[in-house]
Amino acid sequence: HPMASAQSFASGMTRKVAFLAALQRDVAFDNPHMFEMLCGLEEALQKRGYAVMLRSTDTTAVSALAEEVIARRECDALAIHASVLSRPLAALLSRTRFPHVVLGQPGFACQISWIDINNVYCGVLASEHLASLGRRRVAFLGGGEHDLISVHRLEGVRQGLREADLPLEERYIWLGESTRDEGARMAGQLLGLRPLPDAIICANNVLALGCVAAVQRRGLRIPHDVAIMTFDDHPFSALCDPPLSVVDIDVREMGVQAGKFLLSAIKKPNLQSQTHTATPNLIVRASTVEGQG
């Protein structure tokens, strides 16, 4: 077998990609999709003889870490999880033109390369499903304004309901922290309104768990009285009682596409892409249609 270090020295290439992400305690529980993205990234890179180097950081330290990695030539490209992206890092990447891709759409305008799921379209699919079932009073539980994924999903829900000639009343929109307790609290407030919503779309699985608990505490039947659906086929969605209908996204495929882009960017450092990828898929379960698995 050829010696990798000797090959790297001869070619001036490390054949490594650094993946920058927040790796705090319980991250696998809080953000399981990140590891699916990582697996897809590694799958695409490994086929071309590249290895993934995992580096833990946060928004306050990521720019300095990236600058060091680039200066020391520790890798040939950077893959950056959107949760750690900062404006200083975006400025560094724009200035150096170092091959990179951000996994997730940045929360601010910039010229760097990124790839993401079309969360607006995910919201459209969710609202279309409920409208097709005859639900007419749809509510939305989501994260705060800083939660870009939730913001985009809400935008899609509005769009889908508008196309179905249905309103999304402001009083039926509740935004807060993405925790189970907050989901239960917001759902409890929502269920105090008259008339009751006949469907609730939750921006993520954690909010949905709290929402289901609040609905059941009120003695309401799911989906007979209130249909509930969410996004991402997270383990919670299938284990919930009743199992939750979801708009699922293939985040592993998103990682594969990110890896393929990086391989091209290594050859052409000026290559740039800002795009959505991976088509969402509707999975119907008993939280919206009785008798479904």
# chains A, B, ... in the order shown; residues from 1 in each chain; ligands from 1
$ residues_around --residues "segment 272-285 of chain A" --least-positions-apart "3" --cutoff "7 Å" --atoms "only C-alpha atoms" --output "MDAnalysis selection string"
chainID A and resid 113:118 122 243:250 253:254 288:289 292:293
$ residues_around --residues "Glu169 of chain A" --least-positions-apart "6" --cutoff "9 Å" --atoms "only C-alpha atoms" --output "list in words"
Arg137, Val138 and Ala139 of chain A
$ closest_residue --among "A:Gly40, A:Glu128, A:Arg185, A:Gly192" --to "Leu166 of chain A" --atoms "only C-alpha atoms"
A:Glu128
$ atom_distance --atom1 "atom CA of Ser86 of chain A" --atom2 "atom CA of Asp58 of chain A"
8.9 Å
$ atom_distance --atom1 "atom CA of Pro106 of chain A" --atom2 "atom CA of Ile149 of chain A"
10.4 Å
$ residues_around --residues "Arg87 of chain A" --least-positions-apart "6" --cutoff "12 Å" --atoms "only C-alpha atoms" --output "PDB file with N, CA, C and O atoms, in the first residue's frame"
ATOM      1  N   THR A  59     -19.900  28.939  17.380  1.00  0.00           N
ATOM      2  CA  THR A  59     -19.900  30.157  16.571  1.00  0.00           C
ATOM      3  C   THR A  59     -18.853  31.169  17.025  1.00  0.00           C
ATOM      4  O   THR A  59     -18.394  31.987  16.230  1.00  0.00           O
ATOM      5  N   THR A  60     -18.465  31.118  18.292  1.00  0.00           N
ATOM      6  CA  THR A  60     -17.480  32.090  18.785  1.00  0.00           C
ATOM      7  C   THR A  60     -16.051  31.717  18.406  1.00  0.00           C
ATOM      8  O   THR A  60     -15.187  32.587  18.308  1.00  0.00           O
ATOM      9  N   ALA A  61     -15.801  30.423  18.199  1.00  0.00           N
ATOM     10  CA  ALA A  61     -14.432  29.960  17.950  1.00  0.00           C
ATOM     11  C   ALA A  61     -14.201  29.452  16.535  1.00  0.00           C
ATOM     12  O   ALA A  61     -13.056  29.211  16.147  1.00  0.00           O
ATOM     13  N   VAL A  62     -15.264  29.296  15.752  1.00  0.00           N
ATOM     14  CA  VAL A  62     -15.135  28.620  14.464  1.00  0.00           C
ATOM     15  C   VAL A  62     -14.259  29.382  13.481  1.00  0.00           C
ATOM     16  O   VAL A  62     -13.491  28.771  12.716  1.00  0.00           O
ATOM     17  N   SER A  63     -14.306  30.707  13.498  1.00  0.00           N
ATOM     18  CA  SER A  63     -13.506  31.469  12.547  1.00  0.00           C
ATOM     19  C   SER A  63     -12.012  31.279  12.802  1.00  0.00           C
ATOM     20  O   SER A  63     -11.229  31.057  11.874  1.00  0.00           O
ATOM     21  N   LEU A  93     -14.004  32.814   4.460  1.00  0.00           N
ATOM     22  CA  LEU A  93     -14.156  31.918   3.311  1.00  0.00           C
ATOM     23  C   LEU A  93     -14.262  32.704   2.006  1.00  0.00           C
ATOM     24  O   LEU A  93     -13.714  32.296   0.978  1.00  0.00           O
ATOM     25  N   SER A  94     -14.964  33.831   2.043  1.00  0.00           N
ATOM     26  CA  SER A  94     -15.088  34.667   0.844  1.00  0.00           C
ATOM     27  C   SER A  94     -13.732  35.246   0.447  1.00  0.00           C
ATOM     28  O   SER A  94     -13.399  35.333  -0.740  1.00  0.00           O
ATOM     29  N   PRO A 106     -27.361  29.538   5.358  1.00  0.00           N
ATOM     30  CA  PRO A 106     -26.955  30.557   6.337  1.00  0.00           C
ATOM     31  C   PRO A 106     -28.129  31.448   6.740  1.00  0.00           C
ATOM     32  O   PRO A 106     -29.051  31.679   5.946  1.00  0.00           O
ATOM     33  N   GLY A 107     -28.067  31.931   7.952  1.00  0.00           N
ATOM     34  CA  GLY A 107     -29.124  32.805   8.457  1.00  0.00           C
ATOM     35  C   GLY A 107     -28.908  34.266   8.118  1.00  0.00           C
ATOM     36  O   GLY A 107     -29.603  35.131   8.667  1.00  0.00           O
ATOM     37  N   PHE A 108     -27.959  34.552   7.250  1.00  0.00           N
ATOM     38  CA  PHE A 108     -27.680  35.928   6.842  1.00  0.00           C
ATOM     39  C   PHE A 108     -27.167  35.909   5.401  1.00  0.00           C
ATOM     40  O   PHE A 108     -26.722  34.876   4.902  1.00  0.00           O
ATOM     41  N   ALA A 109     -27.270  37.048   4.727  1.00  0.00           N
ATOM     42  CA  ALA A 109     -26.834  37.136   3.334  1.00  0.00           C
ATOM     43  C   ALA A 109     -25.315  37.027   3.249  1.00  0.00           C
ATOM     44  O   ALA A 109     -24.595  37.682   4.010  1.00  0.00           O
ATOM     45  N   CYS A 110     -24.836  36.181   2.362  1.00  0.00           N
ATOM     46  CA  CYS A 110     -23.394  36.020   2.166  1.00  0.00           C
ATOM     47  C   CYS A 110     -23.150  35.354   0.821  1.00  0.00           C
ATOM     48  O   CYS A 110     -24.078  34.860   0.180  1.00  0.00           O
ATOM     49  N   GLN A 111     -21.890  35.304   0.422  1.00  0.00           N
ATOM     50  CA  GLN A 111     -21.526  34.770  -0.886  1.00  0.00           C
ATOM     51  C   GLN A 111     -20.890  33.384  -0.809  1.00  0.00           C
ATOM     52  O   GLN A 111     -20.347  32.899  -1.791  1.00  0.00           O
ATOM     53  N   ILE A 112     -20.949  32.744   0.338  1.00  0.00           N
ATOM     54  CA  ILE A 112     -20.316  31.443   0.481  1.00  0.00           C
ATOM     55  C   ILE A 112     -21.216  30.335  -0.079  1.00  0.00           C
ATOM     56  O   ILE A 112     -22.400  30.535  -0.324  1.00  0.00           O
TER      57      ILE A 112
END
$ select_by_dssp --residues "segment 19-230 of chain A" --states "alpha helix (DSSP H)" --output "ChimeraX atom specification"
/A:27-30,32-46,62-71,87-96,119-132,148-163,180-190,205-217
$ residues_around --residues "Pro223 of chain A" --least-positions-apart "2" --cutoff "12 Å" --atoms "only C-alpha atoms" --output "PyMOL selection string"
chain A and resi 130+133+135+197-200+212+215-216+220-221+225-229+241-245+284-292
$ residues_around --residues "Lys268 of chain A" --least-positions-apart "6" --cutoff "12 Å" --atoms "only C-alpha atoms" --output "ChimeraX atom specification"
/A:76-77,97-100,261-262
$ atom_distance --atom1 "atom CA of Ala187 of chain A" --atom2 "atom CA of Leu207 of chain A"
9.0 Å
$ residues_around --residues "Ala203 of chain A" --least-positions-apart "2" --cutoff "9 Å" --atoms "only C-alpha atoms" --output "JSON, numbers by chain"
{"A": [123, 140, 141, 142, 143, 149, 150, 151, 153, 154, 178, 201, 205, 206, 207, 208, 229, 230, 231]}
